[in-house]
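**Q** Please find target-v7.txt (compact mmCIF, C-alpha atoms) on the next line:
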```txt
# COMPACT_ATOMS: atom_id res chain seq x y z
CA MET A 1117 -23.63 -82.98 43.98
CA ALA A 1118 -24.82 -81.48 47.22
CA GLY A 1119 -28.47 -82.01 48.13
CA THR A 1120 -30.18 -82.27 51.49
CA GLU A 1121 -28.10 -81.84 54.62
CA THR A 1122 -29.13 -85.22 56.03
CA SER A 1123 -26.81 -88.06 55.04
CA LEU A 1124 -27.79 -91.70 54.88
CA LEU A 1125 -24.14 -92.68 54.34
CA ALA A 1126 -22.26 -90.56 56.85
CA SER A 1127 -19.80 -93.42 57.48
CA LEU A 1128 -18.33 -93.15 53.99
CA PRO A 1129 -15.47 -90.71 53.34
CA ASN A 1130 -16.09 -87.19 52.11
CA GLY A 1131 -16.22 -87.12 48.32
CA PHE A 1132 -16.95 -90.84 48.08
CA ARG A 1133 -17.42 -92.49 44.68
CA ALA A 1134 -20.40 -94.79 44.17
CA ALA A 1135 -21.10 -97.31 41.40
CA VAL A 1136 -24.61 -98.71 40.93
CA ILE A 1137 -25.09 -101.73 38.67
CA GLY A 1138 -28.65 -102.11 37.42
CA ALA A 1139 -29.36 -98.40 37.65
CA SER A 1140 -32.32 -98.44 35.27
CA GLY A 1141 -34.42 -100.83 37.38
CA GLY A 1142 -37.00 -99.74 39.91
CA ILE A 1143 -34.79 -100.17 42.96
CA GLY A 1144 -31.54 -99.21 41.21
CA SER A 1145 -32.92 -95.93 39.90
CA ALA A 1146 -34.36 -95.07 43.33
CA ILE A 1147 -30.99 -95.77 44.95
CA CYS A 1148 -29.35 -93.45 42.43
CA GLU A 1149 -31.83 -90.69 43.30
CA CYS A 1150 -31.07 -91.13 47.00
CA LEU A 1151 -27.35 -91.03 46.35
CA GLN A 1152 -27.69 -87.80 44.38
CA ASN A 1153 -28.95 -86.21 47.59
CA GLU A 1154 -25.96 -87.30 49.65
CA PRO A 1155 -24.21 -84.07 50.69
CA HIS A 1156 -20.71 -85.58 50.59
CA LEU A 1157 -21.05 -87.63 47.41
CA GLY A 1158 -18.16 -87.04 45.05
CA GLU A 1159 -19.25 -89.05 42.01
CA LEU A 1160 -22.03 -91.42 41.07
CA ILE A 1161 -21.45 -93.84 38.20
CA ALA A 1162 -24.55 -95.70 37.02
CA PHE A 1163 -24.49 -98.79 34.81
CA SER A 1164 -27.30 -100.76 33.22
CA ARG A 1165 -27.91 -102.93 30.21
CA SER A 1166 -30.37 -100.46 28.67
CA ARG A 1167 -28.10 -97.46 29.24
CA ASP A 1168 -24.59 -98.81 28.76
CA GLY A 1169 -25.01 -102.25 27.25
CA LEU A 1170 -23.69 -103.95 30.39
CA ASP A 1171 -24.28 -107.63 29.70
CA PHE A 1172 -23.91 -110.34 32.36
CA ALA A 1173 -23.63 -112.96 29.62
CA ASP A 1174 -20.39 -111.33 28.47
CA GLU A 1175 -17.60 -111.03 31.04
CA THR A 1176 -15.72 -108.60 28.78
CA SER A 1177 -18.66 -106.22 29.08
CA VAL A 1178 -18.43 -106.28 32.89
CA ALA A 1179 -14.65 -105.95 32.85
CA ASP A 1180 -14.81 -103.00 30.46
CA ALA A 1181 -17.37 -101.24 32.68
CA ALA A 1182 -15.10 -101.61 35.70
CA GLY A 1183 -12.08 -100.53 33.69
CA SER A 1184 -13.84 -97.35 32.59
CA ILE A 1185 -13.93 -96.06 36.19
CA SER A 1186 -10.69 -97.55 37.51
CA ALA A 1187 -8.69 -94.32 37.61
CA LYS A 1188 -9.72 -93.72 41.25
CA PRO A 1189 -11.03 -95.96 44.04
CA ILE A 1190 -14.73 -96.48 44.62
CA HIS A 1191 -16.24 -96.59 48.11
CA LEU A 1192 -19.75 -97.87 47.44
CA LEU A 1193 -20.79 -100.65 45.07
CA ILE A 1194 -24.43 -101.65 44.75
CA CYS A 1195 -25.44 -104.50 42.47
CA ALA A 1196 -29.18 -103.94 42.08
CA THR A 1197 -29.81 -106.51 39.37
CA GLY A 1198 -32.12 -109.49 39.28
CA ILE A 1199 -34.91 -111.25 37.41
CA LEU A 1200 -38.02 -113.12 38.51
CA THR A 1201 -39.37 -114.03 35.08
CA THR A 1202 -37.51 -115.38 32.06
CA ASP A 1203 -38.97 -115.13 28.57
CA GLY A 1204 -42.41 -114.77 30.11
CA ARG A 1205 -41.96 -117.75 32.43
CA GLY A 1206 -42.58 -116.90 36.07
CA PRO A 1207 -41.29 -118.77 39.14
CA GLU A 1208 -42.26 -122.44 39.27
CA LYS A 1209 -45.15 -123.35 41.53
CA SER A 1210 -43.94 -126.93 41.68
CA LEU A 1211 -41.02 -129.10 40.67
CA ARG A 1212 -43.03 -130.40 37.71
CA GLN A 1213 -42.70 -126.99 36.06
CA LEU A 1214 -38.91 -126.84 36.28
CA ASP A 1215 -37.29 -126.03 32.95
CA PRO A 1216 -33.48 -126.32 32.68
CA GLU A 1217 -33.07 -123.39 30.30
CA THR A 1218 -35.12 -121.13 32.53
CA MET A 1219 -33.11 -122.28 35.52
CA MET A 1220 -29.83 -121.53 33.78
CA ALA A 1221 -31.08 -118.06 32.86
CA GLN A 1222 -31.95 -117.42 36.51
CA PHE A 1223 -28.47 -118.45 37.62
CA ARG A 1224 -26.82 -116.40 34.88
CA THR A 1225 -28.51 -113.18 35.96
CA ASN A 1226 -29.03 -113.69 39.69
CA ALA A 1227 -25.76 -115.44 40.59
CA VAL A 1228 -23.12 -115.50 37.84
CA GLY A 1229 -23.64 -111.86 36.88
CA PRO A 1230 -23.18 -110.50 40.41
CA ALA A 1231 -20.15 -112.77 40.82
CA LEU A 1232 -18.59 -111.13 37.76
CA VAL A 1233 -19.41 -107.71 39.21
CA ALA A 1234 -17.59 -108.70 42.39
CA LYS A 1235 -14.63 -110.04 40.41
CA HIS A 1236 -14.09 -106.87 38.43
CA PHE A 1237 -15.43 -104.04 40.63
CA LEU A 1238 -14.25 -105.00 44.12
CA PRO A 1239 -10.57 -104.59 43.12
CA LEU A 1240 -11.41 -100.89 42.79
CA PHE A 1241 -11.85 -100.62 46.57
CA ASP A 1242 -9.04 -98.93 48.48
CA ARG A 1243 -7.40 -101.35 50.90
CA GLU A 1244 -7.51 -98.97 53.87
CA THR A 1245 -10.63 -96.84 53.37
CA ARG A 1246 -14.12 -97.82 54.49
CA SER A 1247 -15.99 -99.26 51.53
CA ILE A 1248 -19.33 -101.02 51.16
CA ALA A 1249 -20.49 -103.54 48.56
CA ALA A 1250 -24.13 -104.61 48.59
CA PHE A 1251 -25.72 -107.27 46.39
CA LEU A 1252 -29.51 -107.34 46.21
CA SER A 1253 -30.67 -110.78 47.24
CA ALA A 1254 -34.10 -111.98 48.40
CA ARG A 1255 -35.51 -113.51 51.55
CA VAL A 1256 -36.76 -116.45 49.48
CA GLY A 1257 -33.10 -117.30 48.85
CA SER A 1258 -32.82 -118.28 52.51
CA ILE A 1259 -32.62 -122.05 52.99
CA GLY A 1260 -33.43 -121.82 56.70
CA ASP A 1261 -36.47 -119.61 56.10
CA ASN A 1262 -37.96 -121.74 53.30
CA ARG A 1263 -41.27 -123.10 54.56
CA LEU A 1264 -43.42 -122.88 51.44
CA GLY A 1265 -41.40 -124.57 48.68
CA GLY A 1266 -41.87 -123.62 45.04
CA TRP A 1267 -39.83 -121.09 43.07
CA VAL A 1268 -37.02 -123.64 42.73
CA SER A 1269 -34.90 -121.76 40.17
CA TYR A 1270 -35.20 -118.31 41.71
CA ARG A 1271 -34.67 -119.53 45.28
CA SER A 1272 -31.64 -121.58 44.24
CA ALA A 1273 -30.05 -118.75 42.25
CA LYS A 1274 -30.44 -116.33 45.15
CA ALA A 1275 -29.07 -118.92 47.57
CA ALA A 1276 -26.07 -119.25 45.26
CA LEU A 1277 -25.67 -115.48 45.29
CA ASN A 1278 -25.65 -115.51 49.09
CA GLN A 1279 -22.87 -118.09 49.11
CA ILE A 1280 -20.90 -116.02 46.58
CA VAL A 1281 -21.23 -112.94 48.77
CA ARG A 1282 -20.21 -114.86 51.89
CA THR A 1283 -17.15 -116.33 50.17
CA VAL A 1284 -16.08 -113.01 48.63
CA SER A 1285 -16.40 -111.29 52.01
CA ILE A 1286 -13.93 -113.73 53.56
CA GLU A 1287 -11.39 -113.18 50.78
CA TYR A 1288 -11.70 -109.40 50.92
CA GLY A 1289 -11.64 -109.36 54.71
CA ARG A 1290 -8.01 -110.50 54.50
CA THR A 1291 -6.88 -107.65 52.22
CA HIS A 1292 -9.48 -104.91 52.87
CA PRO A 1293 -10.11 -104.86 56.63
CA ALA A 1294 -12.31 -101.76 56.45
CA ALA A 1295 -14.61 -103.15 53.74
CA VAL A 1296 -18.14 -104.51 54.16
CA VAL A 1297 -19.54 -106.98 51.62
CA THR A 1298 -23.15 -108.01 52.19
CA ALA A 1299 -26.26 -109.53 50.63
CA ILE A 1300 -29.38 -107.48 51.31
CA HIS A 1301 -33.09 -108.20 50.93
CA PRO A 1302 -34.87 -105.01 49.78
CA GLY A 1303 -38.34 -106.03 50.95
CA THR A 1304 -41.34 -106.44 48.68
CA VAL A 1305 -40.96 -103.36 46.53
CA ARG A 1306 -43.65 -101.97 44.27
CA THR A 1307 -41.84 -102.47 40.96
CA GLY A 1308 -42.75 -104.16 37.70
CA LEU A 1309 -40.54 -107.08 38.72
CA SER A 1310 -42.42 -107.95 41.92
CA ASP A 1311 -45.92 -106.51 41.43
CA PRO A 1312 -47.40 -109.73 39.99
CA TYR A 1313 -46.25 -111.65 43.10
CA SER A 1314 -46.87 -109.11 45.89
CA ARG A 1315 -50.44 -109.98 46.83
CA GLY A 1316 -50.71 -110.59 50.55
CA HIS A 1317 -47.36 -108.94 51.31
CA ASN A 1318 -46.63 -105.60 52.88
CA THR A 1319 -45.06 -103.50 50.14
CA VAL A 1320 -42.91 -100.39 50.07
CA SER A 1321 -42.16 -97.88 47.34
CA PRO A 1322 -38.80 -97.97 45.55
CA GLU A 1323 -37.92 -94.69 47.27
CA GLN A 1324 -38.65 -96.11 50.73
CA ALA A 1325 -36.68 -99.24 49.94
CA ALA A 1326 -33.69 -97.26 48.68
CA ALA A 1327 -33.53 -95.06 51.78
CA SER A 1328 -33.82 -98.08 54.08
CA ILE A 1329 -31.14 -99.99 52.18
CA LEU A 1330 -28.64 -97.13 52.31
CA SER A 1331 -29.35 -96.47 55.99
CA THR A 1332 -28.79 -100.13 56.83
CA LEU A 1333 -25.58 -100.28 54.81
CA ASN A 1334 -24.33 -97.22 56.66
CA SER A 1335 -24.79 -99.05 59.98
CA LEU A 1336 -22.85 -102.19 59.04
CA ALA A 1337 -19.36 -102.53 60.52
CA PRO A 1338 -16.53 -104.60 59.03
CA GLU A 1339 -17.36 -107.40 61.45
CA ASN A 1340 -20.79 -107.59 59.77
CA SER A 1341 -19.19 -108.29 56.40
CA GLY A 1342 -20.48 -111.49 54.85
CA SER A 1343 -23.91 -111.12 56.41
CA PHE A 1344 -27.36 -111.59 54.89
CA VAL A 1345 -29.60 -108.79 56.09
CA ALA A 1346 -32.98 -107.25 55.36
CA TYR A 1347 -33.55 -103.61 54.42
CA ASP A 1348 -34.34 -102.83 58.07
CA GLY A 1349 -31.04 -104.24 59.31
CA SER A 1350 -32.46 -107.46 60.74
CA GLY A 1351 -30.53 -110.64 60.02
CA ILE A 1352 -31.86 -113.37 57.74
CA PRO A 1353 -30.89 -117.05 58.21
CA TRP A 1354 -28.84 -118.59 55.44
```
Can I see the file as structure tokens?
**A**
Amino acid sequence: MAGTETSLLASLPNGFRAAVIGASGGIGSAICECLQNEPHLGELIAFSRSRDGLDFADETSVADAAGSISAKPIHLLICATGILTTDGRGPEKSLRQLDPETMMAQFRTNAVGPALVAKHFLPLFDRETRSIAAFLSARVGSIGDNRLGGWVSYRSAKAALNQIVRTVSIEYGRTHPAAVVTAIHPGTVRTGLSDPYSRGHNTVSPEQAAASILSTLNSLAPENSGSFVAYDGSGIPW
């Protein structure tokens, strides 16, 4: 799968295997395109609900996806999933708009689903080889950076994801000392998911976001595992 000579992931081993969850989304598909151009990529495995029927509401579906690629270790895992709207309902502008079913749907996709991905895909990491797992979070999931309020369900689900990532990183740091597990904010990306809410924000294309994300992941050392970072490598408060 050789492409350009410039590598965004030079820190990963030659012939590395990559798995992208949510590969049909705007950011996920752009990440896959970037990975296809990695000169030392060995194999790219892409999963999505539309392509493979991967369903976060069904743990067996996630386990089966991981089992289908378990013959050899993976070195890069990117969970590029997430929702902002649920059944046409956008983020709440105030607490009065909170709906429990919508909130549960947010948690199911934005927190529980990635947790299941971690549960079943991280065991595919080699214990000695450098490996990277990145879970797409959002700056609005930061508790310390919340100065506007609103978006209760989405903020809370992403904050839960950040805690999941932090906790998983501690567990895997004990058994996989070369691994990096991180939550990453992709920026405000021009996709169908964020377009309705991007007014007043600096935006980037999916391709720009993907390249920045991979470059930042490449720069993270094992001691950075468990961090919450932006696409440009800057830290975000919890």
**Q** Determine the nearest neighbour of Phe1172 in chain A from the options A:Gly1229, A:Pro1239, A:Pro1189, A:Gly1206, counting only C-alpha atoms.
**A** A:Gly1229
**Q** Work out how far CA of Ser1328 in chain A is from CA of Ala1126 in chain A, in Å to one decimal.
**A**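 About the pair CA of Ala1126 in chain A and CA of Ser1328 in chain A: they are 14.1 Å apart.
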**Q** Write out as a ChimeraX atom specification each polymer residue whose atoms come within 9 Å of Thr1201 in chain A, counting only C-alpha atoms; drop sequence neighbours fewer than 5 positions from it.
**A** /A:1206-1207,1218,1222,1270,1309
**Q** Write the residues of the selection above to a file with C-alpha atoms, as a compact mmCIF listing (two decimals), in the frame of the given file.
**A**
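Result file follows (part.txt):
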```txt
# COMPACT_ATOMS: atom_id res chain seq x y z
CA GLY A 1206 -42.58 -116.90 36.07
CA PRO A 1207 -41.29 -118.77 39.14
CA THR A 1218 -35.12 -121.13 32.53
CA GLN A 1222 -31.95 -117.42 36.51
CA TYR A 1270 -35.20 -118.31 41.71
CA LEU A 1309 -40.54 -107.08 38.72
```
**Q** Would you be able to write out as an MDAnalysis selection string which residues have an atom within 10 Å of (-6.4, -99.7, 55.2) in the file's coordinates, counting all atoms listed in the file?
**A** chainID A and resid 1242:1246 1291:1295
**Q** Which of these residues is nearest to Val1305 in chain A, using only C-alpha atoms: A:Ile1190, A:Ile1161, A:Ile1143, A:Ala1250?
**A**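 Selected residue with least distance to Val1305 in chain A: A:Ile1143.
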**Q** With distances taken over all atoms listed in the file, which of A:Cys1195, A:Phe1241, A:Val1268, A:Phe1163 is nearest to Leu1214 in chain A?
**A**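 Comparing A:Cys1195, A:Phe1241, A:Val1268, A:Phe1163 against Leu1214 in chain A, the winner is A:Val1268.
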**Q** Using all atoms listed in the file, collect all residues at a distance of at most 8 Å from (-25.2, -110.6, 48.7) as written in the file, then present them as a ChimeraX atom specification.
**A** /A:1250-1253,1277-1282,1297-1300,1342-1344
**Q** List as a list in words the protein and nucleic acid residues near Ser1258 in chain A, meaning an atom at most 8 Å away when all atoms listed in the file are counted, but skip any in the same chain fewer than 4 places from it.
**A**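 Counting all atoms listed in the file, the residues come to Ala1254, Asn1262, Arg1271, Lys1274, Ala1275, Ile1352, Pro1353 and Trp1354 of chain A.
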**Q** For those residues, write C-alpha atoms to a file as a short mmCIF file (atom, residue, chain, number, x, y, z; two decimals), in the coordinates of the input.
**A**
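Okay, this is what ended up in result-v2.cif:
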```cif
data_model
loop_
_atom_site.label_atom_id
_atom_site.label_comp_id
_atom_site.auth_asym_id
_atom_site.auth_seq_id
_atom_site.Cartn_x
_atom_site.Cartn_y
_atom_site.Cartn_z
CA ALA A 1254 -34.10 -111.98 48.40
CA ASN A 1262 -37.96 -121.74 53.30
CA ARG A 1271 -34.67 -119.53 45.28
CA LYS A 1274 -30.44 -116.33 45.15
CA ALA A 1275 -29.07 -118.92 47.57
CA ILE A 1352 -31.86 -113.37 57.74
CA PRO A 1353 -30.89 -117.05 58.21
CA TRP A 1354 -28.84 -118.59 55.44
#
```
**Q** If I take CA of Pro1302 in chain A and CA of Ala1326 in chain A, how far is one from the other in Å, to one decimal?
**A**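 Atom-to-atom, CA of Pro1302 in chain A and CA of Ala1326 in chain A are spaced 7.9 Å apart.
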**Q** Counting all atoms listed in the file, which of A:Asp1348, A:Glu1339, A:Glu1217, A:Glu1323 gets nearest to Gly1142 in chain A?
**A**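 The closest residue to Gly1142 in chain A is A:Glu1323.
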**Q** Provide the CA of Leu1157 in chain A to CA of His1191 in chain A distance in Å, to one decimal place.
**A**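 CA of His1191 in chain A lies 10.2 Å from CA of Leu1157 in chain A.
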**Q** So, with only C-alpha atoms as the atoms that count, which of A:Ser1177, A:Asn1340, A:Ser1127, A:Asn1334 lies closest to Gly1289 in chain A?
**A**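 Distance minimum relative to Gly1289 in chain A lands on A:Asn1340.
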**Q** For range 1122-1124 of chain A, please output as a list in words all residues within 9 Å (counting all atoms listed in the file; exclusion window: fewer than 4 positions along the same chain).
**A**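 Residues meeting the cut-off are Cys1150, Leu1151, Asn1153, Glu1154, Pro1155, His1156, Ala1327, Ser1328, Leu1330, Ser1331, Thr1332, Leu1333 and Asn1334 of chain A.
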**Q** Identify which of the residues A:Trp1267, A:Ser1164, A:Ser1335, A:Ile1185 lies closest to Arg1205 in chain A, counting only C-alpha atoms when measuring atom-to-atom distances.
**A**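 Ranking A:Trp1267, A:Ser1164, A:Ser1335, A:Ile1185 by distance to Arg1205 in chain A, first place goes to A:Trp1267.
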